[in-house]
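Visitor: What follows is model.txt, compact mmCIF, C-alpha atoms.
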```txt
# COMPACT_ATOMS: atom_id res chain seq x y z
CA MET A 3 0.52 18.56 -7.80
CA SER A 4 -0.08 20.71 -4.75
CA LEU A 5 -2.20 19.82 -1.77
CA ARG A 6 -4.11 23.06 -2.49
CA LEU A 7 -7.09 22.05 -4.65
CA GLY A 8 -8.76 25.27 -5.79
CA VAL A 9 -10.05 27.09 -2.71
CA PHE A 10 -9.98 23.83 -0.75
CA ARG A 11 -6.81 23.16 1.22
CA LEU A 12 -6.50 19.43 1.78
CA ASP A 13 -3.59 19.88 4.18
CA ARG A 14 -5.87 21.62 6.71
CA TRP A 15 -7.67 18.34 7.22
CA LEU A 16 -4.59 16.12 7.46
CA ALA A 17 -2.69 14.99 10.53
CA ALA A 18 0.74 16.54 10.86
CA ASP A 19 2.46 13.23 10.08
CA SER A 20 0.08 12.09 7.32
CA LEU A 21 1.75 10.56 4.28
CA LEU A 22 -0.58 12.63 2.13
CA ARG A 23 1.54 15.67 3.06
CA ASN A 24 4.35 14.06 1.10
CA ARG A 25 3.87 15.58 -2.38
CA GLY A 26 5.43 12.61 -4.14
CA PHE A 27 3.17 10.14 -2.37
CA PHE A 28 0.18 12.43 -2.96
CA ARG A 29 0.76 12.33 -6.72
CA ILE A 30 1.09 8.53 -6.62
CA TRP A 31 -2.08 8.34 -4.51
CA VAL A 32 -4.04 10.47 -6.99
CA ALA A 33 -2.61 8.50 -9.94
CA ALA A 34 -3.70 5.23 -8.34
CA THR A 35 -7.17 6.65 -7.68
CA VAL A 36 -7.56 7.76 -11.30
CA ALA A 37 -6.35 4.35 -12.44
CA VAL A 38 -9.00 2.63 -10.32
CA LEU A 39 -11.73 4.82 -11.81
CA GLY A 40 -10.61 3.77 -15.27
CA GLU A 41 -10.16 0.15 -14.26
CA SER A 42 -13.71 0.11 -12.86
CA VAL A 43 -14.97 0.92 -16.33
CA SER A 44 -12.95 -1.74 -18.18
CA HIS A 45 -13.65 -4.19 -15.33
CA LEU A 46 -17.26 -4.08 -16.53
CA ALA A 47 -16.85 -3.09 -20.17
CA LEU A 48 -14.16 -5.60 -21.20
CA PRO A 49 -16.03 -8.79 -20.22
CA LEU A 50 -19.33 -7.29 -21.43
CA THR A 51 -17.70 -6.62 -24.80
CA ALA A 52 -16.73 -10.28 -24.96
CA VAL A 53 -20.13 -11.55 -23.80
CA GLN A 54 -22.55 -9.13 -25.50
CA VAL A 55 -20.67 -8.02 -28.62
CA LEU A 56 -18.67 -11.16 -29.42
CA ASP A 57 -20.97 -13.76 -27.78
CA ALA A 58 -18.11 -15.36 -25.83
CA ASN A 59 -18.68 -18.61 -23.94
CA ALA A 60 -17.18 -19.67 -20.59
CA ALA A 61 -14.11 -21.22 -22.21
CA GLN A 62 -13.39 -18.03 -24.17
CA MET A 63 -13.86 -15.93 -21.02
CA GLY A 64 -11.31 -18.13 -19.29
CA LEU A 65 -8.86 -17.53 -22.14
CA LEU A 66 -9.49 -13.77 -22.00
CA PHE A 67 -8.56 -13.63 -18.33
CA ALA A 68 -5.65 -16.02 -18.91
CA ALA A 69 -4.24 -13.57 -21.48
CA GLY A 70 -4.12 -10.88 -18.81
CA THR A 71 -2.06 -13.00 -16.42
CA LEU A 72 0.20 -14.74 -18.96
CA PRO A 73 2.76 -11.86 -18.94
CA PHE A 74 3.53 -12.62 -15.30
CA ALA A 75 4.72 -16.09 -16.30
CA LEU A 76 6.69 -14.81 -19.30
CA PHE A 77 8.25 -11.56 -18.12
CA SER A 78 8.34 -11.43 -14.32
CA LEU A 79 11.85 -12.83 -13.72
CA PRO A 80 13.79 -10.74 -16.29
CA ALA A 81 11.67 -7.72 -15.38
CA GLY A 82 12.96 -7.88 -11.79
CA VAL A 83 16.57 -7.54 -12.93
CA TRP A 84 15.58 -4.72 -15.28
CA ILE A 85 13.72 -2.87 -12.53
CA ASP A 86 16.69 -3.06 -10.16
CA ARG A 87 18.99 -1.69 -12.86
CA HIS A 88 16.85 1.21 -14.12
CA ARG A 89 14.82 4.13 -12.82
CA LYS A 90 11.51 2.82 -11.57
CA GLN A 91 9.75 6.09 -12.36
CA SER A 92 10.58 5.85 -16.09
CA ILE A 93 9.44 2.23 -16.21
CA ILE A 94 6.07 3.06 -14.60
CA VAL A 95 5.42 5.93 -17.02
CA SER A 96 6.41 3.93 -20.11
CA PHE A 97 4.20 0.97 -19.29
CA ASP A 98 1.26 3.18 -18.31
CA LEU A 99 1.42 4.68 -21.79
CA MET A 100 1.59 1.21 -23.34
CA GLY A 101 -1.47 0.07 -21.38
CA GLY A 102 -3.39 3.16 -22.49
CA LEU A 103 -2.63 2.54 -26.15
CA ALA A 104 -3.59 -1.14 -25.87
CA LEU A 105 -7.00 -0.31 -24.43
CA ALA A 106 -7.56 2.53 -26.90
CA SER A 107 -7.20 0.01 -29.72
CA VAL A 108 -10.41 -1.80 -28.65
CA PRO A 109 -12.93 0.91 -29.59
CA VAL A 110 -10.92 1.64 -32.74
CA ALA A 111 -11.12 -2.02 -33.77
CA HIS A 112 -14.81 -2.08 -32.93
CA TYR A 113 -15.55 0.89 -35.22
CA ALA A 114 -13.36 -0.64 -37.94
CA GLY A 115 -15.36 -3.88 -37.75
CA VAL A 116 -12.33 -6.06 -36.93
CA LEU A 117 -12.82 -6.60 -33.19
CA SER A 118 -12.58 -10.25 -32.14
CA ILE A 119 -11.88 -12.39 -29.10
CA THR A 120 -8.29 -12.66 -30.34
CA TRP A 121 -8.02 -8.85 -30.43
CA LEU A 122 -9.44 -8.57 -26.90
CA CYS A 123 -7.01 -11.21 -25.66
CA ALA A 124 -4.09 -9.38 -27.27
CA ALA A 125 -5.14 -6.07 -25.69
CA ASN A 126 -5.58 -7.73 -22.31
CA PHE A 127 -2.14 -9.35 -22.72
CA LEU A 128 -0.53 -5.92 -23.21
CA VAL A 129 -2.43 -4.50 -20.23
CA GLY A 130 -1.28 -7.50 -18.19
CA THR A 131 2.30 -6.75 -19.27
CA CYS A 132 1.81 -3.20 -18.01
CA PHE A 133 0.69 -4.52 -14.61
CA CYS A 134 3.48 -7.11 -14.56
CA VAL A 135 6.40 -4.75 -15.24
CA GLY A 136 5.03 -1.28 -14.46
CA GLY A 137 3.07 -2.49 -11.43
CA SER A 138 6.13 -4.25 -9.99
CA ALA A 139 8.20 -1.11 -10.49
CA ALA A 140 5.47 0.92 -8.74
CA GLN A 141 5.66 -1.28 -5.63
CA VAL A 142 9.43 -0.82 -5.42
CA PHE A 143 9.13 2.91 -6.16
CA LEU A 144 6.60 3.32 -3.33
CA THR A 145 8.87 1.53 -0.86
CA GLY A 146 11.75 3.84 -1.69
CA LEU A 147 9.53 6.90 -1.42
CA VAL A 148 7.83 6.28 1.95
CA GLY A 149 10.20 3.85 3.72
CA ARG A 150 9.53 0.34 5.03
CA GLU A 151 8.16 1.46 8.36
CA ARG A 152 5.22 3.20 6.65
CA LEU A 153 4.35 0.58 4.06
CA VAL A 154 1.20 -0.66 5.77
CA GLU A 155 0.02 2.96 6.13
CA ALA A 156 0.84 3.70 2.48
CA ASN A 157 -0.85 0.54 1.21
CA SER A 158 -3.87 1.20 3.42
CA LEU A 159 -4.20 4.78 2.12
CA GLN A 160 -3.91 3.50 -1.42
CA ALA A 161 -6.54 0.83 -0.77
CA SER A 162 -8.90 3.35 0.89
CA ALA A 163 -8.64 5.81 -2.01
CA ASN A 164 -9.01 2.99 -4.50
CA SER A 165 -12.13 1.82 -2.69
CA VAL A 166 -13.69 5.29 -2.70
CA ALA A 167 -12.94 5.58 -6.42
CA GLY A 168 -14.32 2.08 -6.83
CA LEU A 169 -17.64 3.18 -5.34
CA GLY A 170 -18.16 5.77 -8.05
CA GLY A 171 -16.35 3.90 -10.79
CA PRO A 172 -18.95 1.15 -11.33
CA VAL A 173 -21.72 3.77 -11.49
CA LEU A 174 -19.69 5.67 -14.08
CA ALA A 175 -19.09 2.38 -15.89
CA GLY A 176 -22.80 1.56 -15.99
CA VAL A 177 -23.67 4.99 -17.38
CA LEU A 178 -20.91 4.88 -20.01
CA VAL A 179 -21.66 1.33 -21.12
CA ALA A 180 -25.37 2.18 -21.45
CA ALA A 181 -24.67 5.43 -23.31
CA LEU A 182 -21.70 4.48 -25.48
CA GLY A 183 -21.63 0.70 -25.58
CA ALA A 184 -19.09 -1.53 -23.85
CA PRO A 185 -16.28 -1.34 -26.47
CA VAL A 186 -16.27 2.47 -26.56
CA ALA A 187 -16.44 2.78 -22.76
CA ILE A 188 -13.07 1.02 -22.55
CA ALA A 189 -11.52 4.25 -23.87
CA VAL A 190 -12.06 5.78 -20.42
CA ASP A 191 -9.59 3.31 -18.92
CA ALA A 192 -7.17 4.14 -21.72
CA ALA A 193 -7.38 7.81 -20.74
CA ALA A 194 -6.85 6.88 -17.07
CA PHE A 195 -3.57 5.16 -17.96
CA ILE A 196 -2.38 8.32 -19.74
CA ILE A 197 -3.36 10.58 -16.81
CA SER A 198 -1.60 8.25 -14.38
CA ALA A 199 1.58 8.46 -16.46
CA LEU A 200 1.44 12.28 -16.45
CA LEU A 201 1.05 12.36 -12.66
CA ILE A 202 3.90 9.92 -12.00
CA VAL A 203 6.30 11.71 -14.33
CA GLY A 204 6.01 14.81 -12.12
CA VAL A 205 7.16 13.08 -8.91
CA ARG A 206 10.51 14.50 -7.83
CA VAL A 207 12.69 11.75 -6.43
CA THR A 208 16.32 10.65 -6.59
CA GLU A 209 16.54 6.92 -7.20
CA GLN A 210 19.49 4.79 -6.23
CA LEU A 211 20.24 1.99 -8.70
CA THR A 212 21.41 -1.05 -6.78
CA VAL A 213 22.66 -3.44 -9.47
CA ALA A 214 25.49 -2.78 -11.94
CA ASP A 215 24.61 -3.23 -15.62
CA ARG A 216 27.74 -5.23 -16.34
CA ARG A 217 26.70 -8.17 -14.18
CA PRO A 218 25.14 -11.09 -16.13
CA ILE A 219 21.35 -10.90 -16.21
CA LEU A 220 20.98 -14.65 -15.58
CA ARG A 221 23.11 -14.39 -12.44
CA ASP A 222 20.93 -11.63 -10.99
CA LEU A 223 17.78 -13.47 -12.02
CA LEU A 224 18.88 -16.62 -10.19
CA THR A 225 19.89 -14.54 -7.17
CA GLY A 226 16.30 -13.32 -6.91
CA LEU A 227 14.95 -16.86 -7.12
CA ARG A 228 17.37 -18.10 -4.46
CA PHE A 229 16.54 -15.22 -2.14
CA VAL A 230 12.82 -15.97 -2.26
CA TRP A 231 13.36 -19.72 -1.86
CA GLN A 232 15.73 -19.26 1.08
CA THR A 233 13.42 -16.83 2.92
CA PRO A 234 10.78 -18.98 4.69
CA LEU A 235 8.13 -16.24 4.82
CA LEU A 236 8.48 -15.40 1.12
CA ARG A 237 8.39 -19.09 0.22
CA ALA A 238 5.17 -19.51 2.20
CA PHE A 239 3.70 -16.37 0.64
CA ALA A 240 4.48 -17.61 -2.89
CA ALA A 241 2.52 -20.83 -2.34
CA MET A 242 -0.38 -19.02 -0.68
CA ALA A 243 -0.56 -16.27 -3.32
CA ALA A 244 -0.53 -18.83 -6.14
CA MET A 245 -3.65 -20.48 -4.71
CA CYS A 246 -5.36 -17.14 -4.07
CA ILE A 247 -4.73 -15.76 -7.55
CA VAL A 248 -5.85 -18.90 -9.40
CA LEU A 249 -9.10 -18.98 -7.41
CA PHE A 250 -9.78 -15.23 -7.60
CA ASP A 251 -9.01 -14.97 -11.32
CA GLY A 252 -11.14 -18.03 -11.99
CA PHE A 253 -14.04 -16.39 -10.19
CA MET A 254 -13.56 -13.09 -12.03
CA ALA A 255 -13.55 -14.94 -15.36
CA LEU A 256 -17.01 -16.33 -14.61
CA TYR A 257 -18.87 -13.79 -12.54
CA VAL A 258 -20.02 -11.46 -15.37
CA LEU A 259 -21.07 -14.43 -17.49
CA HIS A 260 -23.08 -15.82 -14.56
CA ALA A 261 -24.60 -12.38 -13.90
CA THR A 262 -25.75 -11.88 -17.49
CA HIS A 263 -26.74 -15.42 -18.50
CA ASP A 264 -28.08 -16.92 -15.26
CA LEU A 265 -29.06 -13.96 -13.06
CA ARG A 266 -30.25 -11.83 -16.00
CA LEU A 267 -28.64 -8.66 -14.68
CA THR A 268 -28.25 -5.61 -16.89
CA ALA A 269 -25.01 -3.64 -17.26
CA SER A 270 -26.32 -1.03 -14.81
CA GLN A 271 -27.21 -3.70 -12.25
CA ILE A 272 -23.78 -5.34 -12.58
CA ALA A 273 -22.26 -1.88 -12.08
CA LEU A 274 -24.24 -1.55 -8.83
CA VAL A 275 -22.98 -4.97 -7.71
CA ASN A 276 -19.43 -3.80 -8.42
CA ALA A 277 -20.03 -0.61 -6.43
CA LEU A 278 -21.12 -2.67 -3.43
CA GLY A 279 -17.96 -4.70 -3.90
CA ALA A 280 -15.93 -1.50 -3.81
CA GLY A 281 -17.64 -0.69 -0.52
CA GLY A 282 -16.29 -3.97 0.79
CA ALA A 283 -12.79 -3.03 -0.33
CA LEU A 284 -13.13 0.29 1.53
CA ALA A 285 -14.32 -1.51 4.66
CA GLY A 286 -11.36 -3.88 4.45
CA ALA A 287 -8.89 -1.00 4.06
CA VAL A 288 -10.37 0.95 6.98
CA ALA A 289 -10.52 -2.07 9.29
CA VAL A 290 -7.14 -3.63 8.48
CA HIS A 291 -5.15 -1.77 11.18
CA ALA A 292 -7.59 -2.77 13.93
CA ILE A 293 -7.67 -6.35 12.68
CA ASN A 294 -3.87 -6.50 12.64
CA ARG A 295 -3.65 -5.22 16.22
CA ARG A 296 -6.18 -7.77 17.39
CA ILE A 297 -5.05 -10.97 15.66
CA GLY A 298 -1.77 -10.14 13.88
CA LYS A 299 -0.92 -9.84 10.20
CA PRO A 300 -0.61 -13.58 9.36
CA ALA A 301 -4.03 -14.35 10.82
CA ALA A 302 -5.51 -11.25 9.13
CA ILE A 303 -4.22 -12.50 5.77
CA ALA A 304 -5.81 -15.93 6.29
CA CYS A 305 -9.09 -14.36 7.48
CA GLY A 306 -9.15 -12.15 4.40
CA PHE A 307 -8.65 -15.19 2.17
CA ALA A 308 -11.47 -17.04 3.97
CA THR A 309 -13.81 -14.04 3.69
CA THR A 310 -13.22 -13.98 -0.06
CA GLY A 311 -14.07 -17.69 -0.24
CA ALA A 312 -17.31 -17.06 1.66
CA GLY A 313 -18.14 -14.38 -0.92
CA PHE A 314 -17.65 -16.89 -3.75
CA LEU A 315 -20.07 -19.30 -2.07
CA LEU A 316 -22.68 -16.61 -1.48
CA TYR A 317 -22.47 -15.50 -5.12
CA ALA A 318 -23.04 -19.08 -6.28
CA ILE A 319 -26.36 -19.36 -4.41
CA VAL A 320 -27.77 -15.94 -5.38
CA PRO A 321 -31.27 -16.53 -6.76
CA ALA A 322 -32.71 -14.73 -9.77
CA GLY A 323 -35.44 -12.39 -8.56
CA MET A 324 -36.11 -9.30 -6.47
CA LEU A 325 -33.12 -9.74 -4.14
CA THR A 326 -30.61 -10.66 -6.83
CA VAL A 327 -28.71 -7.35 -6.94
CA LEU A 328 -28.62 -7.03 -3.15
CA MET A 329 -27.36 -10.58 -2.57
CA ALA A 330 -24.87 -10.44 -5.42
CA GLY A 331 -23.64 -7.10 -4.04
CA ALA A 332 -23.26 -8.63 -0.57
CA ALA A 333 -21.24 -11.47 -2.09
CA MET A 334 -18.95 -9.02 -3.88
CA PHE A 335 -18.66 -6.98 -0.66
CA LEU A 336 -17.21 -10.06 1.06
CA VAL A 337 -14.96 -10.90 -1.89
CA GLU A 338 -13.43 -7.41 -2.06
CA ALA A 339 -13.22 -6.86 1.72
CA GLY A 340 -11.33 -10.12 2.11
CA MET A 341 -8.99 -9.46 -0.81
CA THR A 342 -8.13 -5.99 0.52
CA ALA A 343 -7.27 -7.25 4.02
CA TYR A 344 -5.18 -9.97 2.41
CA THR A 345 -3.40 -7.72 -0.10
CA VAL A 346 -2.47 -4.82 2.21
CA ASN A 347 -0.70 -7.12 4.66
CA TYR A 348 0.77 -9.43 2.03
CA LEU A 349 2.48 -6.57 0.19
CA ALA A 350 3.77 -4.95 3.38
CA MET A 351 5.12 -8.12 5.00
CA ARG A 352 7.01 -9.35 1.97
CA GLN A 353 8.71 -5.98 1.48
CA GLU A 354 9.56 -5.64 5.17
CA VAL A 355 11.80 -8.74 4.99
CA THR A 356 13.55 -7.75 1.73
CA PRO A 357 16.69 -5.56 1.49
CA ASP A 358 16.60 -2.59 -0.89
CA ALA A 359 18.97 -4.20 -3.39
CA MET A 360 16.59 -7.13 -3.83
CA LEU A 361 13.22 -5.36 -3.94
CA GLY A 362 12.77 -5.41 -7.72
CA ARG A 363 13.80 -9.04 -8.11
CA MET A 364 11.83 -10.13 -5.04
CA THR A 365 8.66 -8.42 -6.32
CA THR A 366 8.82 -9.88 -9.80
CA THR A 367 9.98 -13.31 -8.58
CA MET A 368 7.01 -13.44 -6.21
CA ARG A 369 4.72 -12.41 -9.04
CA PHE A 370 6.23 -15.07 -11.29
CA LEU A 371 5.82 -17.81 -8.70
CA SER A 372 2.32 -16.77 -7.66
CA VAL A 373 0.78 -15.77 -11.00
CA SER A 374 2.41 -18.22 -13.42
CA GLY A 375 -0.28 -20.80 -12.81
CA ALA A 376 -3.13 -18.32 -13.26
CA PRO A 377 -3.37 -18.43 -17.09
CA LEU A 378 -3.66 -22.22 -17.09
CA GLY A 379 -5.95 -22.08 -14.06
CA SER A 380 -8.33 -19.60 -15.70
CA ALA A 381 -8.40 -21.62 -18.91
CA ILE A 382 -9.13 -24.87 -17.04
CA ILE A 383 -11.79 -23.21 -14.87
CA GLY A 384 -13.44 -21.77 -17.98
CA GLN A 385 -13.45 -25.20 -19.66
CA ALA A 386 -14.86 -26.80 -16.50
CA ALA A 387 -17.66 -24.23 -16.35
CA THR A 388 -18.51 -24.96 -19.99
CA ALA A 389 -18.66 -28.69 -19.22
CA VAL A 390 -20.50 -28.79 -15.87
CA GLY A 391 -22.03 -25.32 -15.45
CA LEU A 392 -21.11 -22.02 -13.83
CA VAL A 393 -22.65 -22.55 -10.38
CA PRO A 394 -20.92 -25.86 -9.51
CA VAL A 395 -17.55 -24.42 -10.50
CA ILE A 396 -18.08 -21.23 -8.45
CA VAL A 397 -19.05 -23.38 -5.44
CA GLY A 398 -15.86 -25.35 -5.95
CA LEU A 399 -13.84 -22.14 -6.01
CA GLY A 400 -15.42 -21.03 -2.72
CA LEU A 401 -14.78 -24.33 -0.93
CA SER A 402 -11.21 -24.40 -2.25
CA ALA A 403 -10.61 -20.86 -0.97
CA LEU A 404 -11.82 -21.78 2.53
CA ALA A 405 -9.56 -24.85 2.60
CA ALA A 406 -6.60 -22.84 1.30
CA ALA A 407 -7.18 -20.13 3.94
CA SER A 408 -7.03 -22.71 6.73
CA TRP A 409 -3.84 -24.21 5.30
CA SER A 410 -2.28 -20.76 4.78
CA HIS A 411 -2.86 -19.73 8.39
CA ARG A 412 -0.90 -22.68 9.73
CA PHE A 413 1.75 -22.36 7.03
CA LEU A 414 2.44 -18.65 7.67
CA LEU A 415 2.64 -18.61 11.47
CA ARG A 416 6.08 -20.17 11.94
CA PRO A 417 8.02 -18.19 9.26
CA ALA A 418 6.33 -14.96 10.39
CA ALA A 419 7.42 -15.62 13.98
CA ILE A 420 10.99 -16.31 12.80
CA CYS A 421 11.05 -13.00 10.92
CA GLN A 422 9.74 -11.11 13.99
CA GLN A 423 12.43 -12.70 16.16
CA GLY A 424 15.09 -11.74 13.65
CA ALA A 425 13.85 -8.14 13.52
CA ALA A 426 13.86 -7.95 17.34
CA ALA A 427 17.41 -9.29 17.46
CA GLU A 428 18.58 -6.59 15.06
```
When written as structure tokens, how does the structure in this file appear?

Guide:
Amino acid sequence: MSLRLGVFRLDRWLAADSLLRNRGFFRIWVAATVAVLGESVSHLALPLTAVQVLDANAAQMGLLFAAGTLPFALFSLPAGVWIDRHRKQSIIVSFDLMGGLALASVPVAHYAGVLSITWLCAANFLVGTCFCVGGSAAQVFLTGLVGRERLVEANSLQASANSVAGLGGPVLAGVLVAALGAPVAIAVDAAAFIISALLIVGVRVTEQLTVADRRPILRDLLTGLRFVWQTPLLRAFAAMAAMCIVLFDGFMALYVLHATHDLRLTASQIALVNALGAGGALAGAVAVHAINRRIGKPAAIACGFATTGAGFLLYAIVPAGMLTVLMAGAAMFLVEAGMTAYTVNYLAMRQEVTPDAMLGRMTTTMRFLSVSGAPLGSAIIGQAATAVGLVPVIVGLGLSALAAASWSHRFLLRPAAICQQGAAAE
């Protein structure tokens, strides 16, 4: 894909050293943007299908989100060895196609009259597998393409584009859900997966495979685990990310149910709330460099985590009435702004301390350690919400996030300082 878009030349507006002048990165950037547009639709349509079409309760919603994270517990460790031994580009394309087919099955099953919670969970499991394996390969592929020194810039550009797409995506989702119904609207995300695969397959890059196939898989798998455990910063990140993901996924499992049952929001209103949340993600991506310069990456990560927790708390106290959409949107703005500031720095810092030969295994090991508890966490949170109510559980998630952010800040400072000293010595 060229930087010339019709009569509009994007390169005229870019700085001379902009990563967007790199054609490979530009294709990845566009692919990620398309994927976010599609994800914005299924982000609304998938839970609405469960709630409105299948009448799912809080426990079933917890299981639905658990199905999407279960692949990280099952496949992350062997996937890391596989990624290091094979071309990352081929892996990304293959799993994008798989995710597209999984989502396309939902409207087909709906029209055939066989759609069920089990079917939705199975589709979400396959999509989660796509994110687990293909998404891990994409992180390694990006590092090889742009270099370590430009990772924060690359992640920030990705987050900014994703946020802009996220602003329009929820509006598109609301229109499609209203016009086609939630199950059929999911087909848009299926198409986005296919388009993403077509864009990635056109990236011209020579990949260096760093691990010989003849070495035992178990040996390489254990090497990845030892590397993460013996690197203080990665060990701290694994603990912090595990807390963050359990809390965030628990919130996401409940927020649509709370919006529809308690706040009485329509699909279009929920889409507007999501759009305001995307605005928060854009604000986080734009501000992250300035925040890093002012307080440093470790503190920015903890502040992002705390901001997300504050968003949970605000969402829990949103009243039903005239200001519902505005307050719920403000809550999602905080949630997404905090998660973006956290994610951009988290991804960059963990890859900065990892040698090329270990990138695949580090990425999937970190995902295994941080996401393995999420399926059980989502299921437990869903059961708790069924037992005691949605609002008390969401309040608990917010308070837990604030406590975890405070703990994470103290826990990250020392290993981050050690890594900086080691980099200066080199």

Visitor: Quote the spacing between CA of Glu338 in chain A and CA of Gly286 in chain A in Å to one decimal place.

Guide: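 Going from CA of Glu338 in chain A over to CA of Gly286 in chain A covers 7.7 Å.
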
Visitor: Select, from A:Asn294, A:Thr310, A:Ser380, A:Gln160, the residue with the minimum atom-to-atom distance to Phe28 in chain A, counting all atoms listed in the file.

Guide: A:Gln160

Visitor: Can you list every residue of range 270-293 of chain A that has an atom at most 12 Å from range 44-47 of chain A, with its nearest atom pair and the distance in Å to one decimal, using all atoms listed in the file, ordered by chain then number, as JSON lines?

Guide:
```
{"residue": "A:Ser270", "atom": "CA", "partner": "A:Leu46", "partner_atom": "CA", "distance": 9.7}
{"residue": "A:Gln271", "atom": "CA", "partner": "A:Leu46", "partner_atom": "CA", "distance": 10.8}
{"residue": "A:Ile272", "atom": "CA", "partner": "A:Leu46", "partner_atom": "CA", "distance": 7.7}
{"residue": "A:Ala273", "atom": "CA", "partner": "A:Leu46", "partner_atom": "CA", "distance": 7.0}
{"residue": "A:Leu274", "atom": "CA", "partner": "A:Leu46", "partner_atom": "CA", "distance": 10.7}
{"residue": "A:Val275", "atom": "CA", "partner": "A:Leu46", "partner_atom": "CA", "distance": 10.6}
{"residue": "A:Asn276", "atom": "CA", "partner": "A:Leu46", "partner_atom": "CA", "distance": 8.4}
{"residue": "A:Ala277", "atom": "CA", "partner": "A:Leu46", "partner_atom": "CA", "distance": 11.0}
```

Visitor: Using only C-alpha atoms, determine which residues lie at most 9 Å from Ile319 in chain A, disregarding the query and same-chain residues fewer than 4 positions distant; provide the list as an MDAnalysis selection string.

Guide: chainID A and resid 315 393 397

Visitor: Taking all atoms listed in the file into account, produce a table as JSON lines in which each residue of range 300-416 of chain A with an atom at most 8 Å from an atom of range 240-256 of chain A appears once, together with its shortest atom pair and the distance in Å to one decimal, ordered by chain and rising number.

Guide:
```
{"residue": "A:Phe307", "atom": "CA", "partner": "A:Cys246", "partner_atom": "CA", "distance": 7.3}
{"residue": "A:Phe314", "atom": "CA", "partner": "A:Phe253", "partner_atom": "CA", "distance": 7.4}
{"residue": "A:Met368", "atom": "CA", "partner": "A:Ala240", "partner_atom": "CA", "distance": 5.9}
{"residue": "A:Leu371", "atom": "CA", "partner": "A:Ala240", "partner_atom": "CA", "distance": 6.0}
{"residue": "A:Ser372", "atom": "CA", "partner": "A:Ala244", "partner_atom": "CA", "distance": 3.8}
{"residue": "A:Val373", "atom": "CA", "partner": "A:Ala244", "partner_atom": "CA", "distance": 5.9}
{"residue": "A:Ser374", "atom": "CA", "partner": "A:Ala244", "partner_atom": "CA", "distance": 7.9}
{"residue": "A:Gly375", "atom": "CA", "partner": "A:Val248", "partner_atom": "CA", "distance": 6.8}
{"residue": "A:Ala376", "atom": "CA", "partner": "A:Val248", "partner_atom": "CA", "distance": 4.8}
{"residue": "A:Gly379", "atom": "CA", "partner": "A:Val248", "partner_atom": "CA", "distance": 5.6}
{"residue": "A:Ser380", "atom": "CA", "partner": "A:Gly252", "partner_atom": "CA", "distance": 4.9}
{"residue": "A:Ile383", "atom": "CA", "partner": "A:Gly252", "partner_atom": "CA", "distance": 6.0}
{"residue": "A:Gly384", "atom": "CA", "partner": "A:Ala255", "partner_atom": "CA", "distance": 7.3}
{"residue": "A:Leu392", "atom": "CA", "partner": "A:Leu256", "partner_atom": "CA", "distance": 7.1}
{"residue": "A:Ile396", "atom": "CA", "partner": "A:Phe253", "partner_atom": "CA", "distance": 6.5}
{"residue": "A:Leu399", "atom": "CA", "partner": "A:Leu249", "partner_atom": "CA", "distance": 5.9}
{"residue": "A:Ser402", "atom": "CA", "partner": "A:Leu249", "partner_atom": "CA", "distance": 7.8}
{"residue": "A:Ala403", "atom": "CA", "partner": "A:Leu249", "partner_atom": "CA", "distance": 6.9}
{"residue": "A:Ala406", "atom": "CA", "partner": "A:Met245", "partner_atom": "CA", "distance": 7.1}
{"residue": "A:Ser410", "atom": "CA", "partner": "A:Met242", "partner_atom": "CA", "distance": 6.0}
```

Visitor: Pick out the closest residue to Pro73 in chain A from this set: A:Val203, A:Val148, A:Val95, A:Cys134. Count all atoms listed in the file.

Guide: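 Selected residue with least distance to Pro73 in chain A: A:Cys134.
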
Visitor: By how many Å are CA of Ala312 in chain A and CA of His260 in chain A apart?

Guide: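 Separation between CA of Ala312 in chain A and CA of His260 in chain A: 17.3 Å.
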
Visitor: Do a neighbour search on Met329 in chain A at 7 Å with all atoms listed in the file, toss out local chain neighbours closer than 4 positions, and write the hits as number ranges by chain.

Guide: A: 320, 325, 333

Visitor: With 12 Å as the cut-off and all atoms listed in the file counted, what is the closest atom pair between each nearby residue of range 141-208 of chain A and range 75-93 of chain A? Distances in Å to one decimal, ordered by chain and number, as a tab-separated table.

Guide:
```
residue	atom	partner	partner_atom	distance
A:Gln141	CA	A:Lys90	CA	9.3
A:Val142	CA	A:Lys90	CA	7.4
A:Phe143	CA	A:Lys90	CA	5.9
A:Leu144	CA	A:Lys90	CA	9.6
A:Thr145	CA	A:Lys90	CA	11.1
A:Gly146	CA	A:Lys90	CA	9.9
A:Leu147	CA	A:Gln91	CA	11.0
A:Ser198	CA	A:Gln91	CA	11.7
A:Ala199	CA	A:Ser92	CA	9.4
A:Leu200	CA	A:Gln91	CA	11.1
A:Leu201	CA	A:Gln91	CA	10.7
A:Ile202	CA	A:Gln91	CA	7.0
A:Val203	CA	A:Gln91	CA	6.9
A:Gly204	CA	A:Gln91	CA	9.5
A:Val205	CA	A:Gln91	CA	8.2
A:Arg206	CA	A:Gln91	CA	9.6
A:Val207	CA	A:Gln91	CA	8.7
A:Thr208	CA	A:Arg89	CA	9.1
```

Visitor: Could you state the separation of CA of Ala381 in chain A and CA of Gly171 in chain A in Å, given to one decimal place?

Guide: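 A separation of 27.9 Å between them.
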
Visitor: Can you work out which one of A:Tyr257, A:Gly400, A:Arg237, A:Ala289 has the shortest atom-to-atom distance to Gly313 in chain A, counting only C-alpha atoms?

Guide: A:Gly400
